[in-house]
file structure-v3.txt (compact mmCIF, C-alpha atoms and all ligand atoms)
# COMPACT_ATOMS: atom_id res chain seq x y z
CA MET A 423 16.04 -0.86 16.98
CA ILE A 424 12.93 -3.02 16.93
CA ARG A 425 13.07 -6.46 15.35
CA ILE A 426 9.91 -8.46 14.81
CA ASP A 427 9.82 -12.24 14.53
CA CYS A 428 7.31 -12.71 11.72
CA PRO A 429 5.77 -16.21 11.97
CA VAL A 430 6.05 -16.50 8.18
CA CYS A 431 9.33 -14.76 7.31
CA GLY A 432 11.39 -14.99 10.50
CA LEU A 433 13.20 -12.27 12.43
CA ARG A 434 13.10 -8.99 10.48
CA ASN A 435 13.95 -5.36 10.90
CA GLU A 436 11.17 -2.97 11.87
CA THR A 437 11.76 -1.06 8.62
CA GLU A 438 9.99 -3.85 6.71
CA PHE A 439 6.80 -3.30 8.71
CA ALA A 440 4.10 -0.67 9.03
CA TYR A 441 2.55 0.03 12.42
CA GLY A 442 -1.17 -0.65 12.33
CA GLY A 443 -2.52 0.61 15.63
CA ASP A 444 -3.70 -0.62 19.01
CA ALA A 445 -4.61 -4.32 18.97
CA THR A 446 -6.42 -4.22 22.29
CA VAL A 447 -9.34 -2.13 21.02
CA ARG A 448 -12.60 -4.04 20.60
CA ARG A 449 -15.49 -2.86 18.50
CA PRO A 450 -18.77 -2.36 20.39
CA ALA A 451 -21.64 -4.68 19.57
CA MET A 452 -23.26 -3.60 16.32
CA ASP A 453 -26.54 -2.90 18.13
CA GLU A 454 -24.84 -0.56 20.60
CA SER A 455 -26.90 2.63 20.49
CA GLU A 456 -25.04 4.76 23.06
CA MET A 457 -22.58 7.28 21.57
CA GLY A 458 -19.99 6.81 24.33
CA PRO A 459 -18.72 3.32 23.43
CA TRP A 460 -18.46 4.27 19.76
CA ARG A 461 -16.55 7.47 20.56
CA ASP A 462 -14.16 5.46 22.74
CA TYR A 463 -13.75 2.84 20.02
CA VAL A 464 -12.93 5.35 17.29
CA PHE A 465 -10.98 8.03 19.17
CA ILE A 466 -9.90 7.11 22.68
CA ARG A 467 -6.65 5.20 23.24
CA ASP A 468 -4.67 4.36 26.36
CA ASN A 469 -1.03 5.40 26.36
CA PRO A 470 0.44 2.64 28.48
CA ARG A 471 3.98 2.43 29.79
CA GLY A 472 5.12 -1.16 29.50
CA TRP A 473 3.73 -4.11 27.60
CA HIS A 474 1.19 -3.43 24.88
CA ARG A 475 -0.41 -5.32 22.01
CA GLU A 476 -0.15 -3.72 18.58
CA TYR A 477 -0.98 -4.50 14.96
CA TRP A 478 1.96 -4.49 12.59
CA HIS A 479 1.76 -5.17 8.85
CA HIS A 480 4.67 -6.97 7.18
CA VAL A 481 4.28 -4.80 4.16
CA GLN A 482 7.73 -5.51 2.67
CA GLY A 483 7.52 -9.23 3.35
CA CYS A 484 4.64 -11.70 3.47
CA ARG A 485 2.08 -8.87 3.73
CA GLN A 486 0.42 -10.52 6.72
CA TRP A 487 -1.04 -8.61 9.66
CA LEU A 488 0.58 -9.51 12.98
CA VAL A 489 -0.29 -8.92 16.61
CA VAL A 490 2.96 -7.98 18.32
CA GLU A 491 3.60 -7.56 22.02
CA ARG A 492 5.88 -4.55 22.53
CA ASN A 493 7.16 -2.88 25.65
CA THR A 494 6.62 0.83 25.11
CA LEU A 495 9.22 1.64 27.76
CA THR A 496 12.09 -0.54 26.50
CA HIS A 497 11.01 -1.34 22.90
CA GLU A 498 11.48 -5.00 23.82
CA VAL A 499 9.35 -7.22 21.58
CA GLY A 500 7.48 -10.21 22.96
CA THR A 501 5.27 -12.65 21.10
CA CYS A 502 4.55 -12.09 17.40
CA ARG A 503 1.53 -13.91 16.04
CA LEU A 504 -0.52 -13.84 12.85
CA ALA A 505 -3.51 -11.63 13.58
CA ARG A 506 -5.77 -14.22 11.97
CA GLU A 507 -4.69 -16.75 14.60
CA VAL A 508 -5.12 -14.52 17.62
CA ALA A 509 -8.27 -15.54 19.45
CA GLU A 510 -10.80 -12.79 19.91
CA MET B 541 -0.19 -11.93 -28.62
CA VAL B 542 1.42 -8.70 -27.46
CA GLU B 543 5.20 -8.82 -27.28
CA ALA B 544 6.37 -8.36 -23.70
CA LEU B 545 9.09 -5.72 -23.37
CA SER B 546 11.18 -5.51 -20.24
CA PRO B 547 11.16 -2.16 -18.43
CA LEU B 548 14.93 -2.71 -18.25
CA LYS B 549 15.22 -2.85 -22.03
CA THR B 550 16.66 0.64 -22.31
CA VAL B 551 18.75 0.72 -19.11
CA CYS B 552 20.29 -2.76 -19.09
CA ALA B 553 23.24 -1.76 -21.29
CA PRO B 554 25.82 -4.55 -21.64
CA GLY B 555 29.31 -3.50 -20.63
CA ARG B 556 31.96 -3.33 -17.97
CA TYR B 557 31.60 -0.59 -15.35
CA GLY B 558 33.13 0.60 -12.10
CA ALA B 559 36.23 -0.74 -10.35
CA ASP B 560 38.95 -2.41 -12.38
CA GLY B 561 40.00 -6.02 -12.03
CA GLU B 562 37.74 -9.02 -11.93
CA ALA B 563 34.08 -7.97 -11.93
CA GLY B 564 32.68 -8.71 -8.50
CA ILE B 565 29.10 -8.27 -9.65
CA VAL B 566 27.33 -9.55 -12.74
CA LEU B 567 23.89 -8.10 -13.44
CA GLY B 568 21.39 -9.07 -16.07
CA THR B 569 17.77 -9.87 -16.65
CA ARG B 570 15.68 -12.49 -18.33
CA ALA B 571 12.09 -12.59 -19.46
CA ILE B 572 9.75 -13.94 -16.83
CA ARG B 573 7.82 -16.92 -18.05
CA SER B 574 4.19 -17.03 -16.99
CA LEU B 575 3.96 -15.85 -13.38
CA TRP B 576 0.74 -16.43 -11.45
CA GLN B 577 -0.38 -15.94 -7.90
CA ILE B 578 -2.91 -18.32 -6.42
CA ALA B 579 -4.70 -17.31 -3.24
CA GLY B 580 -7.57 -18.55 -1.18
CA TRP B 581 -9.33 -18.75 2.12
CA ALA B 582 -9.86 -21.31 4.87
CA ASP B 583 -9.58 -24.33 2.59
CA PHE B 584 -6.69 -22.92 0.56
CA GLU B 585 -4.33 -25.80 1.30
CA THR B 586 -6.67 -28.35 -0.28
CA ALA B 587 -7.52 -26.19 -3.29
CA ALA B 588 -3.89 -25.22 -3.88
CA ALA B 589 -2.55 -28.74 -3.42
CA ASP B 590 -4.83 -29.97 -6.21
CA LEU B 591 -3.51 -27.38 -8.66
CA LEU B 592 0.11 -27.80 -7.57
CA GLY B 593 -0.31 -31.54 -8.05
CA VAL B 594 -1.35 -30.95 -11.65
CA LEU B 595 1.87 -28.93 -12.07
CA GLY B 596 3.94 -31.78 -10.66
CA LEU B 597 4.44 -30.35 -7.18
CA ASN B 598 3.60 -32.37 -4.12
CA GLY B 599 2.27 -30.16 -1.33
CA LEU B 600 2.55 -26.43 -0.71
CA GLY B 601 6.01 -26.35 0.86
CA ASP B 602 7.28 -23.92 3.45
CA TYR B 603 7.83 -20.16 3.47
CA ARG B 604 11.58 -20.29 2.92
CA THR B 605 12.17 -22.90 0.21
CA ALA B 606 11.28 -22.72 -3.48
CA ARG B 607 9.63 -25.78 -4.98
CA VAL B 608 10.74 -26.87 -8.44
CA ALA B 609 9.26 -29.42 -10.86
CA GLY B 610 10.60 -29.28 -14.39
CA ALA B 611 10.05 -25.73 -15.71
CA VAL B 612 7.74 -24.83 -12.81
CA THR B 613 8.93 -22.98 -9.71
CA ALA B 614 6.63 -22.21 -6.78
CA TRP B 615 7.13 -20.06 -3.71
CA ARG B 616 4.77 -20.12 -0.76
CA ILE B 617 4.74 -16.40 -0.05
CA ALA B 618 2.05 -16.36 2.67
CA PRO B 619 -0.19 -18.86 4.50
CA ASP B 620 -2.80 -18.65 1.75
CA LYS B 621 -0.78 -17.48 -1.23
CA VAL B 622 1.58 -19.25 -3.61
CA LEU B 623 3.49 -17.61 -6.46
CA ILE B 624 4.20 -19.84 -9.46
CA GLU B 625 6.45 -19.28 -12.47
CA GLY B 626 6.44 -21.32 -15.66
CA CYS B 627 2.97 -22.71 -15.06
CA GLY B 628 1.27 -21.53 -18.26
CA ASP B 629 -2.19 -19.97 -18.22
CA LEU B 630 -3.99 -20.80 -14.96
CA THR B 631 -7.23 -18.96 -15.79
CA GLY B 632 -9.17 -22.20 -15.94
CA TYR B 633 -8.22 -23.09 -12.38
CA GLY B 634 -9.97 -20.11 -10.80
CA SER B 635 -12.87 -21.12 -8.57
CA ALA B 636 -14.80 -20.05 -5.49
CA ASP B 637 -11.99 -21.59 -3.44
CA LEU B 638 -9.04 -20.37 -5.47
CA ALA B 639 -8.33 -16.91 -6.85
CA VAL B 640 -5.81 -16.95 -9.71
CA LEU B 641 -4.03 -13.79 -10.79
CA ASP B 642 -1.70 -13.31 -13.75
CA LEU B 643 1.35 -11.31 -12.60
CA SER B 644 3.51 -12.07 -15.65
CA HIS B 645 3.67 -8.41 -16.63
CA ALA B 646 3.70 -7.08 -13.06
CA ARG B 647 7.14 -8.36 -12.12
CA THR B 648 10.56 -7.92 -13.69
CA LEU B 649 13.52 -10.13 -12.98
CA ILE B 650 16.96 -8.87 -12.03
CA ASP B 651 19.65 -11.52 -12.21
CA LEU B 652 22.46 -10.94 -9.69
CA GLY B 653 25.68 -12.94 -9.70
CA GLY B 654 29.42 -12.70 -9.24
CA PRO B 655 31.78 -13.35 -6.33
CA ALA B 656 30.64 -10.17 -4.51
CA ALA B 657 26.91 -10.78 -5.03
CA ARG B 658 26.27 -11.51 -1.35
CA ASP B 659 28.29 -8.45 -0.33
CA LEU B 660 26.07 -6.29 -2.51
CA LEU B 661 22.89 -7.85 -1.11
CA THR B 662 24.16 -7.25 2.42
CA GLN B 663 24.51 -3.57 1.56
CA ILE B 664 20.90 -3.18 0.45
CA VAL B 665 18.76 -5.59 2.51
CA THR B 666 18.39 -5.98 6.28
CA VAL B 667 18.21 -9.79 6.20
CA ASP B 668 21.08 -12.21 6.81
CA VAL B 669 22.10 -13.37 3.32
CA ARG B 670 25.38 -15.05 4.21
CA ALA B 671 26.06 -18.35 2.47
CA ALA B 672 25.58 -20.31 5.69
CA THR B 673 22.02 -19.04 6.17
CA PHE B 674 20.70 -18.20 2.69
CA LYS B 675 21.42 -21.30 0.64
CA PRO B 676 20.64 -22.29 -2.96
CA GLY B 677 16.95 -23.15 -3.23
CA ALA B 678 15.95 -20.75 -0.47
CA PHE B 679 13.96 -17.56 -1.02
CA LEU B 680 12.99 -14.57 1.03
CA GLN B 681 10.73 -11.56 0.70
CA THR B 682 12.12 -8.26 1.86
CA GLY B 683 12.40 -4.62 0.92
CA ILE B 684 15.06 -2.98 -1.24
CA HIS B 685 14.98 0.80 -1.37
CA GLY B 686 11.52 0.60 0.25
CA VAL B 687 10.15 -1.70 -2.44
CA GLY B 688 8.93 -5.23 -1.67
CA VAL B 689 10.87 -7.87 -3.61
CA LEU B 690 11.33 -11.64 -3.70
CA ILE B 691 14.91 -12.91 -3.73
CA HIS B 692 15.48 -16.49 -4.87
CA CYS B 693 18.92 -17.99 -4.29
CA ILE B 694 19.57 -20.23 -7.30
CA GLY B 695 23.30 -20.87 -6.82
CA SER B 696 26.10 -20.26 -4.36
CA ASP B 697 26.51 -16.66 -5.56
CA ASP B 698 23.56 -16.41 -7.92
CA PHE B 699 20.21 -14.79 -7.23
CA GLU B 700 17.04 -14.04 -9.15
CA ILE B 701 15.21 -11.02 -7.80
CA TYR B 702 11.55 -10.46 -8.70
CA VAL B 703 10.72 -6.77 -8.46
CA PRO B 704 7.53 -4.85 -9.30
CA SER B 705 7.82 -3.79 -12.95
CA THR B 706 6.84 -0.25 -12.01
CA TRP B 707 9.96 -0.03 -9.80
CA ALA B 708 12.31 -2.12 -11.94
CA GLU B 709 14.25 0.80 -13.41
CA SER B 710 14.76 2.47 -10.01
CA LEU B 711 15.90 -0.77 -8.40
CA TRP B 712 18.17 -1.51 -11.34
CA GLU B 713 19.90 1.81 -10.59
CA VAL B 714 20.22 0.84 -6.91
CA PHE B 715 21.89 -2.41 -7.89
CA CYS B 716 24.19 -0.74 -10.42
CA GLU B 717 25.30 2.08 -8.11
CA ASN B 718 26.06 -0.32 -5.27
CA ALA B 719 27.86 -2.67 -7.67
CA LEU B 720 30.31 -0.13 -9.10
CA PRO B 721 32.85 -0.35 -6.23
CA HIS B 722 32.96 -4.14 -6.73
CA GLY B 723 33.41 -3.86 -10.50
CA LEU B 724 30.27 -4.48 -12.56
CA LEU B 725 29.66 -6.58 -15.63
CA VAL B 726 26.24 -6.11 -17.21
CA ASN B 727 24.96 -8.87 -19.42
CA GLY B 728 22.50 -8.01 -22.15
CA ALA B 729 18.77 -8.35 -21.64
CA GLY B 730 18.08 -12.05 -21.90
ZN ZN C 801 6.34 -11.79 7.12
call {"tool": "encode", "arguments": {"input": "structure-v3.txt", "output": "structure tokens", "more": "lines below"}}
Ligand SMILES: [Zn+2]
result
Amino acid sequence: MIRIDCPVCGLRNETEFAYGGDATVRRPAMDESEMGPWRDYVFIRDNPRGWHREYWHHVQGCRQWLVVERNTLTHEVGTCRLAREVAE
Amino acid sequence: MVEALSPLKTVCAPGRYGADGEAGIVLGTRAIRSLWQIAGWADFETAAADLLGVLGLNGLGDYRTARVAGAVTAWRIAPDKVLIEGCGDLTGYGSADLAVLDLSHARTLIDLGGPAARDLLTQIVTVDVRAATFKPGAFLQTGIHGVGVLIHCIGSDDFEIYVPSTWAESLWEVFCENALPHGLLVNGAG
């Protein structure tokens, strides 16, 4: 079972959240004209074993977007921060 | 003015249901007074503090404790959102820094009490609601039956639960079904 320590609501069950995708992806510069970086941005994802950063939405709570560190091998959860406060 | 009718009007039938003996659960409802959400952006704290000050509340408070001043209750439900009940019409307070939204008809209140009230909550939420951790004055937002709700602890075994009006009837059934083994007393619509 995954439990996520929402900075607003406290430690909550995964069932209150919706997974929101890979939080390591960065959008190419808006003036990027090559197709490759845009294809990678939209479609290509790593499938890492171990620690990963992910977006989770506390949809049945404070409705804030979080950036959660999760170990894809053990399901261990690391830091949980408000996405708005995570430095780009 | 249009008369507000509770979506529980037809299902909240007063009576004694379920297990015999002392009723462990008491369910009811009451009309929600004006309920508004205020929200904002980077300078939300300043904009919100001004309005809350007008309502008699000093500061925004934290994410776990309801703020009360007279007939006004406020819950800080997110970093830049506060929910307020009993505040009257806040239309005039909308500005470029503060979005005000009337939710008076969007939420329905389920009143949960009785000596087994915490036992029932434990059955249907995944949050620790024991008396030692969820005390009178505290609130939490969680999901019941997959629906986002706000639970306000207003007494040792007394809770007011704000649910989306569109889901009120379904959630009322969830409460009733889980209450039957404890013995259920339903009070009339308040
Ligand atoms: Zn939360």
call {"tool": "residues_near_point", "arguments": {"input": "structure-v3.txt", "point": "(-1.8, 0.3, 25.0)", "cutoff": "9 Å", "atoms": "only C-alpha atoms", "output": "list in words"}}
result
Asp444, Ala445, Thr446, Val447, Arg467, Asp468, Asn469, Pro470, Arg471, Gly472, Trp473, His474, Arg475, Glu476 and Thr494 of chain A
call {"tool": "atom_distance", "arguments": {"input": "structure-v3.txt", "atom1": "atom CA of Leu720 of chain B", "atom2": "atom CA of Ala544 of chain B"}}
result
29.2 Å
call {"tool": "residues_near_point", "arguments": {"input": "structure-v3.txt", "point": "(16.8, -12.3, 3.8)", "cutoff": "12 Å", "atoms": "only C-alpha atoms", "output": "PyMOL selection string"}}
result
(chain A and resi 431-435+438+482-483) or (chain B and resi 603-604+658+661-671+673-675+678-684+688-693+699+701)
call {"tool": "write_last_selection", "arguments": {"input": "structure-v3.txt", "atoms": "C-alpha atoms", "output": "compact mmCIF listing (two decimals), in the frame of the given file"}}
result
# COMPACT_ATOMS: atom_id res chain seq x y z
CA CYS A 431 9.33 -14.76 7.31
CA GLY A 432 11.39 -14.99 10.50
CA LEU A 433 13.20 -12.27 12.43
CA ARG A 434 13.10 -8.99 10.48
CA ASN A 435 13.95 -5.36 10.90
CA GLU A 438 9.99 -3.85 6.71
CA GLN A 482 7.73 -5.51 2.67
CA GLY A 483 7.52 -9.23 3.35
CA TYR B 603 7.83 -20.16 3.47
CA ARG B 604 11.58 -20.29 2.92
CA ARG B 658 26.27 -11.51 -1.35
CA LEU B 661 22.89 -7.85 -1.11
CA THR B 662 24.16 -7.25 2.42
CA GLN B 663 24.51 -3.57 1.56
CA ILE B 664 20.90 -3.18 0.45
CA VAL B 665 18.76 -5.59 2.51
CA THR B 666 18.39 -5.98 6.28
CA VAL B 667 18.21 -9.79 6.20
CA ASP B 668 21.08 -12.21 6.81
CA VAL B 669 22.10 -13.37 3.32
CA ARG B 670 25.38 -15.05 4.21
CA ALA B 671 26.06 -18.35 2.47
CA THR B 673 22.02 -19.04 6.17
CA PHE B 674 20.70 -18.20 2.69
CA LYS B 675 21.42 -21.30 0.64
CA ALA B 678 15.95 -20.75 -0.47
CA PHE B 679 13.96 -17.56 -1.02
CA LEU B 680 12.99 -14.57 1.03
CA GLN B 681 10.73 -11.56 0.70
CA THR B 682 12.12 -8.26 1.86
CA GLY B 683 12.40 -4.62 0.92
CA ILE B 684 15.06 -2.98 -1.24
CA GLY B 688 8.93 -5.23 -1.67
CA VAL B 689 10.87 -7.87 -3.61
CA LEU B 690 11.33 -11.64 -3.70
CA ILE B 691 14.91 -12.91 -3.73
CA HIS B 692 15.48 -16.49 -4.87
CA CYS B 693 18.92 -17.99 -4.29
CA PHE B 699 20.21 -14.79 -7.23
CA ILE B 701 15.21 -11.02 -7.80
call {"tool": "closest_residue", "arguments": {"input": "structure-v3.txt", "among": "B:Trp576, B:Tyr557, B:Trp615, B:Phe584", "to": "chain A", "atoms": "all atoms listed in the file"}}
result
B:Trp615
call {"tool": "residues_near_ligand", "arguments": {"input": "structure-v3.txt", "ligand": "ligand ZN 801 (chain C)", "cutoff": "7 Å", "atoms": "only C-alpha atoms and all ligand atoms", "output": "list of chain:residue names"}}
result
A:Cys428, A:Pro429, A:Val430, A:Cys431, A:Gly432, A:His480, A:Gly483, A:Cys484, A:Arg485, A:Gln486
call {"tool": "closest_residue", "arguments": {"input": "structure-v3.txt", "among": "A:Trp478, A:Val508, A:Leu495, A:Gly458", "to": "Arg425 of chain A", "atoms": "only C-alpha atoms"}}
result
A:Trp478
call {"tool": "build_atoms", "arguments": {"input": "structure-v3.txt", "residues": "segment 445-459 of chain A", "atoms": "N, CA, C and O atoms", "output": "short mmCIF file (atom, residue, chain, number, x, y, z; two decimals), in the frame of the given file"}}
result
data_model
loop_
_atom_site.label_atom_id
_atom_site.label_comp_id
_atom_site.auth_asym_id
_atom_site.auth_seq_id
_atom_site.Cartn_x
_atom_site.Cartn_y
_atom_site.Cartn_z
N ALA A 445 -3.93 -3.04 19.18
CA ALA A 445 -4.61 -4.32 18.97
C ALA A 445 -5.46 -4.74 20.16
O ALA A 445 -5.99 -5.84 20.18
N THR A 446 -5.59 -3.87 21.14
CA THR A 446 -6.42 -4.22 22.29
C THR A 446 -7.83 -3.66 22.15
O THR A 446 -8.73 -4.04 22.90
N VAL A 447 -8.03 -2.77 21.18
CA VAL A 447 -9.34 -2.13 21.02
C VAL A 447 -10.36 -3.14 20.50
O VAL A 447 -10.06 -3.92 19.59
N ARG A 448 -11.54 -3.13 21.06
CA ARG A 448 -12.60 -4.04 20.60
C ARG A 448 -13.80 -3.22 20.17
O ARG A 448 -14.24 -2.31 20.87
N ARG A 449 -14.33 -3.58 19.02
CA ARG A 449 -15.49 -2.86 18.50
C ARG A 449 -16.71 -3.14 19.37
O ARG A 449 -16.94 -4.29 19.76
N PRO A 450 -17.52 -2.13 19.65
CA PRO A 450 -18.77 -2.36 20.39
C PRO A 450 -19.69 -3.29 19.59
O PRO A 450 -19.53 -3.44 18.38
N ALA A 451 -20.63 -3.88 20.26
CA ALA A 451 -21.64 -4.68 19.57
C ALA A 451 -22.35 -3.80 18.54
O ALA A 451 -22.55 -2.61 18.75
N MET A 452 -22.70 -4.40 17.41
CA MET A 452 -23.26 -3.60 16.32
C MET A 452 -24.60 -2.96 16.69
O MET A 452 -25.03 -2.00 16.05
N ASP A 453 -25.27 -3.52 17.72
CA ASP A 453 -26.54 -2.90 18.13
C ASP A 453 -26.36 -1.91 19.28
O ASP A 453 -27.34 -1.48 19.89
N GLU A 454 -25.10 -1.56 19.55
CA GLU A 454 -24.84 -0.56 20.60
C GLU A 454 -25.39 0.79 20.15
O GLU A 454 -25.03 1.28 19.07
N SER A 455 -26.26 1.37 20.92
CA SER A 455 -26.90 2.63 20.49
C SER A 455 -26.38 3.84 21.25
O SER A 455 -26.64 4.98 20.84
N GLU A 456 -25.63 3.63 22.35
CA GLU A 456 -25.04 4.76 23.06
C GLU A 456 -23.88 5.33 22.26
O GLU A 456 -23.12 4.59 21.62
N MET A 457 -23.68 6.65 22.30
CA MET A 457 -22.58 7.28 21.57
C MET A 457 -21.23 7.03 22.24
O MET A 457 -20.20 6.95 21.57
N GLY A 458 -21.24 6.91 23.57
CA GLY A 458 -19.99 6.81 24.33
C GLY A 458 -19.08 5.67 23.88
O GLY A 458 -17.90 5.91 23.55
N PRO A 459 -19.58 4.44 23.84
CA PRO A 459 -18.72 3.32 23.43
C PRO A 459 -18.16 3.49 22.02
O PRO A 459 -17.01 3.11 21.75
#
